[in-house]
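One structure below.
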Amino acid sequence: MLYSEKVMDHFKNPRNVGVIEDADGIGEVGNAKCGDIMKIYLKIDNDIITDIKFETFGCGSAIASSSMATELIKGKPVKDALKLTNKAVAEALDGLPPHKMHCSVLAEEAISSAIKDYYDKNNIPYTDDTFKSLAHSHEEE
Ligand code: FES
C-alpha cells in the first residue's frame, strides 16, 4: 500500500485543525512547486506549547503531517518543538512515499516559522542557526 494506516488515519481524522484567535505565534509556509500552504497557530505559556492548531490547504500527506506534527509537540517545551524534524514526523506516520517527503517538510517549517513569530513578538533573542530549517530550499525531495 502506498500510504500507511497512520497517514490515512491522520488524513481522514486530522487532529488540532482550526485557528487560535489569540495565538502567541503564527507561521505560514508554502511550497512553490505544488502550491500547498500550511498555517500553524501556537499558544505558549511559560515556554510550553499549551495549544496548537493548523490549517492546511494541501495534499493528504501535508494534512497528515501537520496533524501528526501538532500531536508530537503539543504540551512540549518550545525548544523541543524547534528540534522536530520532518523525518521525525514522517517516521511517526510510519513513513511517507519518497515523493511525498516534502509534505512533511512543510510541517517542520510551519512550526519553526510560528516559533520565530513568537520569539520576534516577545523580543526573545535567537541566532540564525535557530531557524536554519527555514533557510532550506524546498528541494528536499
Ligand atoms: Fe505538496 Fe504534499 S504535494 S505538500
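To be explicit about the labels: the chains of the C-alpha cells are called A, B, and onward in the order shown, and within each one the residues are counted from 1, while ligands get numbers from 1 in the order they are shown.
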
Requested in this report: For ligand 1, list the contacting residues at 10 Å or closer, counting only C-alpha atoms and all ligand atoms, as a PyMOL selection string.
Outcome: chain A and resi 30-38+56-65+99-107

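Those residues that approach A:Gly95 to within 9 Å, counting only C-alpha atoms, are Tyr3, Ser4, Lys6, Val7, Lys87, Val89, Ala90 and Met101 of chain A; same-chain residues fewer than 5 positions away are not listed.
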
Only all heavy atoms, please: the residues just picked out, written as a PDB file, in the first residue's frame.
ATOM      1  N   TYR A   3       0.200   4.342   1.171  1.00  0.00           N
ATOM      2  CA  TYR A   3       0.188   5.119   2.410  1.00  0.00           C
ATOM      3  C   TYR A   3      -0.046   4.221   3.610  1.00  0.00           C
ATOM      4  O   TYR A   3      -0.869   3.290   3.548  1.00  0.00           O
ATOM      5  CB  TYR A   3      -0.902   6.188   2.364  1.00  0.00           C
ATOM      6  CG  TYR A   3      -0.610   7.262   1.353  1.00  0.00           C
ATOM      7  CD1 TYR A   3      -1.301   7.322   0.159  1.00  0.00           C
ATOM      8  CD2 TYR A   3       0.392   8.202   1.598  1.00  0.00           C
ATOM      9  CE1 TYR A   3      -1.013   8.300  -0.786  1.00  0.00           C
ATOM     10  CE2 TYR A   3       0.688   9.178   0.668  1.00  0.00           C
ATOM     11  CZ  TYR A   3      -0.018   9.222  -0.525  1.00  0.00           C
ATOM     12  OH  TYR A   3       0.276  10.187  -1.441  1.00  0.00           O
ATOM     13  N   SER A   4       0.648   4.528   4.713  1.00  0.00           N
ATOM     14  CA  SER A   4       0.473   3.748   5.939  1.00  0.00           C
ATOM     15  C   SER A   4      -0.912   4.012   6.523  1.00  0.00           C
ATOM     16  O   SER A   4      -1.572   5.009   6.195  1.00  0.00           O
ATOM     17  CB  SER A   4       1.543   4.145   6.953  1.00  0.00           C
ATOM     18  OG  SER A   4       1.238   5.421   7.486  1.00  0.00           O
ATOM     19  N   LYS A   6      -1.462   4.936   9.459  1.00  0.00           N
ATOM     20  CA  LYS A   6      -1.396   6.171  10.262  1.00  0.00           C
ATOM     21  C   LYS A   6      -1.604   7.395   9.388  1.00  0.00           C
ATOM     22  O   LYS A   6      -2.275   8.354   9.789  1.00  0.00           O
ATOM     23  CB  LYS A   6      -0.060   6.259  10.988  1.00  0.00           C
ATOM     24  CG  LYS A   6      -0.083   5.520  12.294  1.00  0.00           C
ATOM     25  CD  LYS A   6       1.074   5.919  13.169  1.00  0.00           C
ATOM     26  CE  LYS A   6       1.128   4.967  14.346  1.00  0.00           C
ATOM     27  NZ  LYS A   6       2.453   4.894  14.936  1.00  0.00           N
ATOM     28  N   VAL A   7      -1.009   7.385   8.202  1.00  0.00           N
ATOM     29  CA  VAL A   7      -1.213   8.517   7.288  1.00  0.00           C
ATOM     30  C   VAL A   7      -2.702   8.632   6.954  1.00  0.00           C
ATOM     31  O   VAL A   7      -3.283   9.728   7.033  1.00  0.00           O
ATOM     32  CB  VAL A   7      -0.387   8.339   5.987  1.00  0.00           C
ATOM     33  CG1 VAL A   7      -0.754   9.407   4.972  1.00  0.00           C
ATOM     34  CG2 VAL A   7       1.109   8.391   6.289  1.00  0.00           C
ATOM     35  N   LYS A  87      11.718  14.430   9.237  1.00  0.00           N
ATOM     36  CA  LYS A  87      11.937  12.977   9.260  1.00  0.00           C
ATOM     37  C   LYS A  87      11.224  12.347  10.446  1.00  0.00           C
ATOM     38  O   LYS A  87      10.641  11.267  10.324  1.00  0.00           O
ATOM     39  CB  LYS A  87      13.432  12.668   9.333  1.00  0.00           C
ATOM     40  CG  LYS A  87      14.127  12.916   8.024  1.00  0.00           C
ATOM     41  CD  LYS A  87      15.446  12.147   7.927  1.00  0.00           C
ATOM     42  CE  LYS A  87      16.085  12.361   6.581  1.00  0.00           C
ATOM     43  NZ  LYS A  87      16.551  13.756   6.379  1.00  0.00           N
ATOM     44  N   VAL A  89       8.569  13.473  11.868  1.00  0.00           N
ATOM     45  CA  VAL A  89       7.129  13.499  11.563  1.00  0.00           C
ATOM     46  C   VAL A  89       6.777  12.324  10.640  1.00  0.00           C
ATOM     47  O   VAL A  89       5.822  11.584  10.885  1.00  0.00           O
ATOM     48  CB  VAL A  89       6.726  14.830  10.892  1.00  0.00           C
ATOM     49  CG1 VAL A  89       5.274  14.800  10.442  1.00  0.00           C
ATOM     50  CG2 VAL A  89       6.960  16.007  11.844  1.00  0.00           C
ATOM     51  N   ALA A  90       7.599  12.130   9.605  1.00  0.00           N
ATOM     52  CA  ALA A  90       7.342  11.043   8.658  1.00  0.00           C
ATOM     53  C   ALA A  90       7.453   9.688   9.348  1.00  0.00           C
ATOM     54  O   ALA A  90       6.644   8.787   9.110  1.00  0.00           O
ATOM     55  CB  ALA A  90       8.312  11.134   7.485  1.00  0.00           C
ATOM     56  N   MET A 101       7.836  13.253   0.755  1.00  0.00           N
ATOM     57  CA  MET A 101       8.591  13.722   1.922  1.00  0.00           C
ATOM     58  C   MET A 101       8.512  15.243   2.051  1.00  0.00           C
ATOM     59  O   MET A 101       8.530  15.784   3.145  1.00  0.00           O
ATOM     60  CB  MET A 101      10.061  13.274   1.834  1.00  0.00           C
ATOM     61  CG  MET A 101      10.301  11.840   2.274  1.00  0.00           C
ATOM     62  SD  MET A 101       9.699  11.455   3.935  1.00  0.00           S
ATOM     63  CE  MET A 101      11.005  12.170   4.950  1.00  0.00           C
TER      64      MET A 101
END

Report task. Identify, on the basis of only C-alpha atoms, every residue whose closest approach to A:Asn16 does not exceed 7 Å; exclude the query and any residue fewer than 4 positions from it along the same chain; express the result as a list of chain:residue names. Result -> A:Ile52, A:Lys53, A:Phe54, A:Ser67, A:Thr70

Go ahead and write the selection's residues with N, CA, C and O atoms as a PDB file, in the first residue's frame.
ATOM      1  N   ILE A  52      -2.125  24.119  20.099  1.00  0.00           N
ATOM      2  CA  ILE A  52      -1.633  24.256  18.726  1.00  0.00           C
ATOM      3  C   ILE A  52      -2.748  23.860  17.772  1.00  0.00           C
ATOM      4  O   ILE A  52      -3.481  22.902  18.017  1.00  0.00           O
ATOM      5  N   LYS A  53      -2.903  24.675  16.734  1.00  0.00           N
ATOM      6  CA  LYS A  53      -3.913  24.353  15.706  1.00  0.00           C
ATOM      7  C   LYS A  53      -3.296  24.587  14.330  1.00  0.00           C
ATOM      8  O   LYS A  53      -2.336  25.339  14.188  1.00  0.00           O
ATOM      9  N   PHE A  54      -3.854  23.933  13.346  1.00  0.00           N
ATOM     10  CA  PHE A  54      -3.331  24.148  11.994  1.00  0.00           C
ATOM     11  C   PHE A  54      -4.445  24.236  10.964  1.00  0.00           C
ATOM     12  O   PHE A  54      -5.541  23.721  11.151  1.00  0.00           O
ATOM     13  N   SER A  67      -1.130  17.234  11.099  1.00  0.00           N
ATOM     14  CA  SER A  67      -1.857  16.636  12.219  1.00  0.00           C
ATOM     15  C   SER A  67      -0.895  15.921  13.162  1.00  0.00           C
ATOM     16  O   SER A  67      -0.907  16.147  14.377  1.00  0.00           O
ATOM     17  N   THR A  70       1.443  18.381  15.069  1.00  0.00           N
ATOM     18  CA  THR A  70       0.815  19.085  16.189  1.00  0.00           C
ATOM     19  C   THR A  70       0.705  18.164  17.398  1.00  0.00           C
ATOM     20  O   THR A  70       0.938  18.578  18.527  1.00  0.00           O
TER      21      THR A  70
END

Query - Between atom CA of A:Phe11 and atom CA of A:Lys79 - distance in Å to one decimal - result: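 Atom CA of A:Phe11 lies at a distance of 27.0 Å from atom CA of A:Lys79.
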
Query raised in the report: Looking at A:Glu109, A:Asp94, A:Asp51, A:Asp24, which one is nearest to A:Leu82, with distances taken over only C-alpha atoms?
Result: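 The answer is A:Glu109, which sits nearest to A:Leu82.
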
Report task. For A:Lys39, work out the shell of residues within 8 Å, counting only C-alpha atoms and skipping chain neighbours fewer than 5 positions away, then give it as a list of chain:residue names. Result ->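 Contacts, with the query itself left out: A:Ile26, A:Gly27, A:Glu28, A:Val29, A:Phe54, A:Glu55, A:Thr56, A:Ala110.
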
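Here atom CA of A:Glu91 is placed at a distance of 10.1 Å from atom CA of A:Met68.
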
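The residue that comes closest to A:Ile40, out of A:Pro14, A:Pro98, A:Ile111, A:Lys76 and on the basis of only C-alpha atoms, is A:Ile111.
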
Query - Members of stretch 6-99 of chain A assigned strand (DSSP E) by DSSP, as a list in words - result: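 Those in stretch 6-99 of chain A that DSSP calls strand (DSSP E) are Gly25, Ile26, Gly27, Glu28, Val29, Gly30, Ile37, Met38, Lys39, Ile40, Tyr41, Leu42, Lys43, Ile44, Asp45, Ile48, Ile49, Thr50, Asp51, Ile52, Lys53, Phe54, Glu55, Thr56 and Phe57 of chain A.
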
Store the residues picked out above, limited to C-alpha atoms, as a PDB file, in the first residue's frame.
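As written to disk, again_36.pdb reads:
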ATOM      1  CA  GLY A  25       2.834  32.723  17.332  1.00  0.00           C
ATOM      2  CA  ILE A  26       1.612  32.146  13.795  1.00  0.00           C
ATOM      3  CA  GLY A  27       3.584  30.598  10.979  1.00  0.00           C
ATOM      4  CA  GLU A  28       2.616  30.221   7.368  1.00  0.00           C
ATOM      5  CA  VAL A  29       4.658  28.445   4.743  1.00  0.00           C
ATOM      6  CA  GLY A  30       4.058  27.202   1.259  1.00  0.00           C
ATOM      7  CA  ILE A  37       0.034  26.064   2.091  1.00  0.00           C
ATOM      8  CA  MET A  38       0.217  25.329   5.800  1.00  0.00           C
ATOM      9  CA  LYS A  39      -0.554  27.636   8.691  1.00  0.00           C
ATOM     10  CA  ILE A  40       0.272  26.872  12.345  1.00  0.00           C
ATOM     11  CA  TYR A  41      -1.082  28.674  15.416  1.00  0.00           C
ATOM     12  CA  LEU A  42       0.672  28.352  18.788  1.00  0.00           C
ATOM     13  CA  LYS A  43      -0.419  29.184  22.294  1.00  0.00           C
ATOM     14  CA  ILE A  44       2.628  29.351  24.554  1.00  0.00           C
ATOM     15  CA  ASP A  45       2.653  29.624  28.306  1.00  0.00           C
ATOM     16  CA  ILE A  48       5.338  25.320  26.965  1.00  0.00           C
ATOM     17  CA  ILE A  49       3.174  24.862  23.893  1.00  0.00           C
ATOM     18  CA  THR A  50      -0.183  24.639  25.600  1.00  0.00           C
ATOM     19  CA  ASP A  51      -2.239  24.636  22.424  1.00  0.00           C
ATOM     20  CA  ILE A  52      -1.633  24.256  18.726  1.00  0.00           C
ATOM     21  CA  LYS A  53      -3.913  24.353  15.706  1.00  0.00           C
ATOM     22  CA  PHE A  54      -3.331  24.148  11.994  1.00  0.00           C
ATOM     23  CA  GLU A  55      -4.939  24.944   8.696  1.00  0.00           C
ATOM     24  CA  THR A  56      -3.550  23.136   5.679  1.00  0.00           C
ATOM     25  CA  PHE A  57      -4.639  23.812   2.155  1.00  0.00           C
TER      26      PHE A  57
END
